[in-house]
file coords-v5.pdb (PDB, C-alpha atoms)
MODEL        1
ATOM      1  CA  SER A 210     100.206 110.501  97.923
ATOM      2  CA  GLU A 211     101.710 113.383  99.941
ATOM      3  CA  ARG A 212     104.124 110.996 101.693
ATOM      4  CA  ARG A 213     103.297 112.716 104.988
ATOM      5  CA  LEU A 214     102.481 111.211 108.351
ATOM      6  CA  TYR A 215     100.423 113.535 110.531
ATOM      7  CA  LEU A 216      99.912 113.207 114.260
ATOM      8  CA  LEU A 217      96.577 114.620 115.347
ATOM      9  CA  ARG A 218      95.500 116.041 118.679
ATOM     10  CA  ASN A 219      91.799 116.842 119.144
ATOM     11  CA  GLY A 220      91.324 116.241 115.412
ATOM     12  CA  ALA A 221      93.951 118.766 114.294
ATOM     13  CA  PRO A 222      97.496 118.046 113.044
ATOM     14  CA  PHE A 223     100.214 119.022 115.493
ATOM     15  CA  ARG A 224     103.202 117.204 113.910
ATOM     16  CA  SER A 225     104.045 116.228 110.334
ATOM     17  CA  TYR A 226     106.770 113.908 109.001
ATOM     18  CA  ARG A 227     108.048 112.836 105.589
ATOM     19  CA  MET A 228     107.530 109.109 105.063
ATOM     20  CA  ALA A 229     108.324 106.352 102.584
ATOM     21  CA  LEU A 230     105.900 103.611 101.539
ATOM     22  CA  GLY A 231     106.107 100.178  99.953
ATOM     23  CA  LEU A 232     107.999  99.614  96.710
ATOM     24  CA  ASN A 233     104.663  99.411  94.832
ATOM     25  CA  PRO A 234     102.874 102.374  96.446
ATOM     26  CA  ARG A 235      99.768 102.688  94.249
ATOM     27  CA  GLY A 236      96.646 100.976  95.518
ATOM     28  CA  HIS A 237      95.611  99.181  98.689
ATOM     29  CA  LYS A 238      97.563  96.174  99.921
ATOM     30  CA  GLU A 239      95.712  93.040  98.846
ATOM     31  CA  ARG A 240      98.085  90.166  99.477
ATOM     32  CA  GLU A 241     101.417  89.051 100.785
ATOM     33  CA  GLY A 242     104.312  90.125  98.586
ATOM     34  CA  ASP A 243     102.539  92.875  96.626
ATOM     35  CA  PHE A 244     104.831  95.537  98.186
ATOM     36  CA  ARG A 245     101.859  97.825  98.812
ATOM     37  CA  THR A 246     101.026  99.752 101.958
ATOM     38  CA  PRO A 247      97.518  99.151 103.333
ATOM     39  CA  GLU A 248      94.930 101.905 103.027
ATOM     40  CA  GLY A 249      92.130 102.282 105.525
ATOM     41  CA  ARG A 250      91.505 102.423 109.257
ATOM     42  CA  TYR A 251      93.686 100.431 111.605
ATOM     43  CA  ARG A 252      95.184 100.647 115.084
ATOM     44  CA  ILE A 253      98.669 100.602 116.506
ATOM     45  CA  TYR A 254      98.628  97.272 118.288
ATOM     46  CA  ARG A 255     102.266  96.671 119.193
ATOM     47  CA  ARG A 256     105.453  98.510 120.078
ATOM     48  CA  ASN A 257     108.769  96.826 119.296
ATOM     49  CA  PRO A 258     111.988  98.449 120.514
ATOM     50  CA  ARG A 259     114.031  95.458 119.231
ATOM     51  CA  SER A 260     112.960  95.524 115.603
ATOM     52  CA  ASP A 261     115.250  94.994 112.590
ATOM     53  CA  PHE A 262     114.522  98.686 112.001
ATOM     54  CA  PHE A 263     114.960 101.625 114.355
ATOM     55  CA  LEU A 264     111.891 101.069 116.557
ATOM     56  CA  SER A 265     108.589  99.854 115.134
ATOM     57  CA  LEU A 266     104.887 100.293 115.751
ATOM     58  CA  GLY A 267     102.723  97.412 114.549
ATOM     59  CA  ILE A 268      99.683  98.279 112.419
ATOM     60  CA  SER A 269      96.622  96.045 112.786
ATOM     61  CA  TYR A 270      96.658  94.936 109.129
ATOM     62  CA  PRO A 271      94.964  92.739 108.036
ATOM     63  CA  ASN A 272      91.623  93.752 109.475
ATOM     64  CA  GLU A 273      88.539  91.552 108.951
ATOM     65  CA  ARG A 274      87.735  93.155 105.604
ATOM     66  CA  ASP A 275      91.314  92.699 104.322
ATOM     67  CA  ALA A 276      91.415  89.067 105.444
ATOM     68  CA  GLU A 277      88.049  88.296 103.830
ATOM     69  CA  HIS A 278      89.074  89.920 100.539
ATOM     70  CA  ALA A 279      92.276  87.865 100.445
ATOM     71  CA  ARG A 280      90.431  84.662 101.367
ATOM     72  CA  ARG A 281      87.850  85.160  98.591
ATOM     73  CA  ASN A 282      90.685  85.503  96.077
ATOM     74  CA  GLY A 283      92.743  82.587  97.396
ATOM     75  CA  TRP A 284      95.544  84.842  98.610
ATOM     76  CA  ARG A 285      97.413  85.213 101.875
ATOM     77  CA  PRO A 286      96.797  88.776 103.109
ATOM     78  CA  GLY A 287     100.310  89.275 104.453
ATOM     79  CA  GLY A 288     101.039  91.059 107.687
ATOM     80  CA  ALA A 289     103.830  92.527 109.803
ATOM     81  CA  ILE A 290     102.996  96.027 108.568
ATOM     82  CA  MET A 291     104.772  98.595 110.711
ATOM     83  CA  ILE A 292     105.629 102.231 111.101
ATOM     84  CA  HIS A 293     109.392 102.123 111.581
ATOM     85  CA  GLY A 294     112.685 103.930 111.190
ATOM     86  CA  LEU A 295     115.636 103.021 109.000
ATOM     87  CA  PRO A 296     117.121  99.506 108.866
ATOM     88  CA  ASN A 297     119.540  98.760 111.683
ATOM     89  CA  VAL A 298     121.811  97.276 109.005
ATOM     90  CA  PRO A 299     121.390  99.544 105.958
ATOM     91  CA  ARG A 300     121.744  98.000 102.499
ATOM     92  CA  ARG A 301     121.477 101.290 100.611
ATOM     93  CA  SER A 302     122.756 104.845 100.929
ATOM     94  CA  ALA A 303     121.174 107.386 103.255
ATOM     95  CA  GLU A 304     120.120 109.374 100.171
ATOM     96  CA  TYR A 305     118.148 106.394  98.843
ATOM     97  CA  TYR A 306     116.198 105.953 102.087
ATOM     98  CA  ALA A 307     115.509 109.705 102.210
ATOM     99  CA  SER A 308     114.144 109.948  98.666
ATOM    100  CA  ALA A 309     112.535 106.625  97.615
ATOM    101  CA  ASP A 310     109.657 104.350  98.541
ATOM    102  CA  TRP A 311     111.655 101.373  99.778
ATOM    103  CA  THR A 312     109.704  99.218 102.247
ATOM    104  CA  ASP A 313     107.947  95.891 101.671
ATOM    105  CA  GLY A 314     104.654  97.640 102.548
ATOM    106  CA  CYS A 315     105.423  99.462 105.772
ATOM    107  CA  ILE A 316     105.562 103.172 106.541
ATOM    108  CA  ALA A 317     109.124 104.353 107.121
ATOM    109  CA  LEU A 318     110.387 107.508 108.802
ATOM    110  CA  SER A 319     113.828 108.895 109.517
ATOM    111  CA  ASN A 320     115.187 107.668 112.845
ATOM    112  CA  ASP A 321     114.813 111.099 114.455
ATOM    113  CA  ASP A 322     111.192 111.304 113.340
ATOM    114  CA  MET A 323     110.509 107.721 114.405
ATOM    115  CA  LEU A 324     111.810 108.457 117.890
ATOM    116  CA  GLU A 325     109.466 111.429 118.192
ATOM    117  CA  VAL A 326     106.468 109.421 116.913
ATOM    118  CA  TRP A 327     107.392 106.605 119.332
ATOM    119  CA  LEU A 328     107.396 109.029 122.250
ATOM    120  CA  LEU A 329     104.160 110.785 121.230
ATOM    121  CA  THR A 330     102.015 107.693 120.585
ATOM    122  CA  ARG A 331     100.742 104.725 122.509
ATOM    123  CA  THR A 332      99.323 101.289 121.805
ATOM    124  CA  ASN A 333      95.727 101.030 120.582
ATOM    125  CA  ILE A 334      95.474 104.486 119.027
ATOM    126  CA  PRO A 335      93.541 104.592 115.757
ATOM    127  CA  ILE A 336      95.329 105.389 112.532
ATOM    128  CA  GLU A 337      94.064 106.077 109.046
ATOM    129  CA  ILE A 338      96.153 105.498 105.945
ATOM    130  CA  ARG A 339      94.864 107.456 102.946
ATOM    131  CA  PRO A 340      95.858 107.241  99.274
TER     132      PRO A 340
ENDMDL
END
call {"tool": "encode", "arguments": {"input": "coords-v5.pdb", "output": "structure tokens"}}
result
Amino acid sequence: SERRLYLLRNGAPFRSYRMALGLNPRGHKEREGDFRTPEGRYRIYRRNPRSDFFLSLGISYPNERDAEHARRNGWRPGGAIMIHGLPNVPRRSAEYYASADWTDGCIALSNDDMLEVWLLTRTNIPIEIRP
């Protein structure tokens, strides 16, 4: 709810960034197309320097619990949830991206912040997304 991404070192925050969430930011992602950002514990499993957005870090959604919940309800859980920068081909103004929740369910940062997060993180680090 703070719209902040914190990097932790030895359990204490050492960097903080403003972030945007999915277009429907209330509640945990349950299925493909709900425009929600997952909540819970995941890992960064992939780094993509050639994304449609300025850099991207893949989040390990859906985990087993997410997939089982979707299966029980007859839904597809969705996927391709990332931490990323701005679109390489913007469709909106810079002001919009700086002030709104605009992703399909990802976590978005400014390009400068995304570059710093990219340089300060590595694959397989744990992340926690809280409401």
call {"tool": "resolve_selection", "arguments": {"input": "coords-v5.pdb", "expression": "the PyMOL selection byres ((chain A and resi 247-259) around 8)", "output": "short mmCIF file (atom, residue, chain, number, x, y, z; two decimals) with C-alpha atoms, in the frame of the given file"}}
result
data_model
loop_
_atom_site.label_atom_id
_atom_site.label_comp_id
_atom_site.auth_asym_id
_atom_site.auth_seq_id
_atom_site.Cartn_x
_atom_site.Cartn_y
_atom_site.Cartn_z
CA GLY A 236 96.65 100.98 95.52
CA HIS A 237 95.61 99.18 98.69
CA LYS A 238 97.56 96.17 99.92
CA GLU A 239 95.71 93.04 98.85
CA ARG A 245 101.86 97.82 98.81
CA THR A 246 101.03 99.75 101.96
CA SER A 260 112.96 95.52 115.60
CA ASP A 261 115.25 94.99 112.59
CA PHE A 262 114.52 98.69 112.00
CA PHE A 263 114.96 101.62 114.36
CA LEU A 264 111.89 101.07 116.56
CA SER A 265 108.59 99.85 115.13
CA LEU A 266 104.89 100.29 115.75
CA GLY A 267 102.72 97.41 114.55
CA ILE A 268 99.68 98.28 112.42
CA SER A 269 96.62 96.04 112.79
CA TYR A 270 96.66 94.94 109.13
CA ASN A 272 91.62 93.75 109.48
CA GLY A 314 104.65 97.64 102.55
CA ARG A 331 100.74 104.72 122.51
CA THR A 332 99.32 101.29 121.80
CA ASN A 333 95.73 101.03 120.58
CA ILE A 334 95.47 104.49 119.03
CA PRO A 335 93.54 104.59 115.76
CA ILE A 336 95.33 105.39 112.53
CA GLU A 337 94.06 106.08 109.05
CA ILE A 338 96.15 105.50 105.94
CA ARG A 339 94.86 107.46 102.95
CA PRO A 340 95.86 107.24 99.27
#
call {"tool": "atom_distance", "arguments": {"input": "coords-v5.pdb", "atom1": "CA of Val298 in chain A", "atom2": "CA of Gly231 in chain A"}}
result
18.4 Å
call {"tool": "residues_around", "arguments": {"input": "coords-v5.pdb", "residues": "Arg240 in chain A", "least_positions_apart": "5", "cutoff": "7 Å", "atoms": "all atoms listed in the file", "output": "MDAnalysis selection string"}}
result
chainID A and resid 279 284:287
call {"tool": "resolve_selection", "arguments": {"input": "coords-v5.pdb", "expression": "the PyMOL selection byres ((chain A and resi 318-321) around 12)", "output": "NGL selection string"}}
result
:A and (212-215 or 225-230 or 262-266 or 291-297 or 303-312 or 315-317 or 322-328)
call {"tool": "atom_distance", "arguments": {"input": "coords-v5.pdb", "atom1": "CA of Ala289 in chain A", "atom2": "CA of Glu211 in chain A"}}
result
23.2 Å
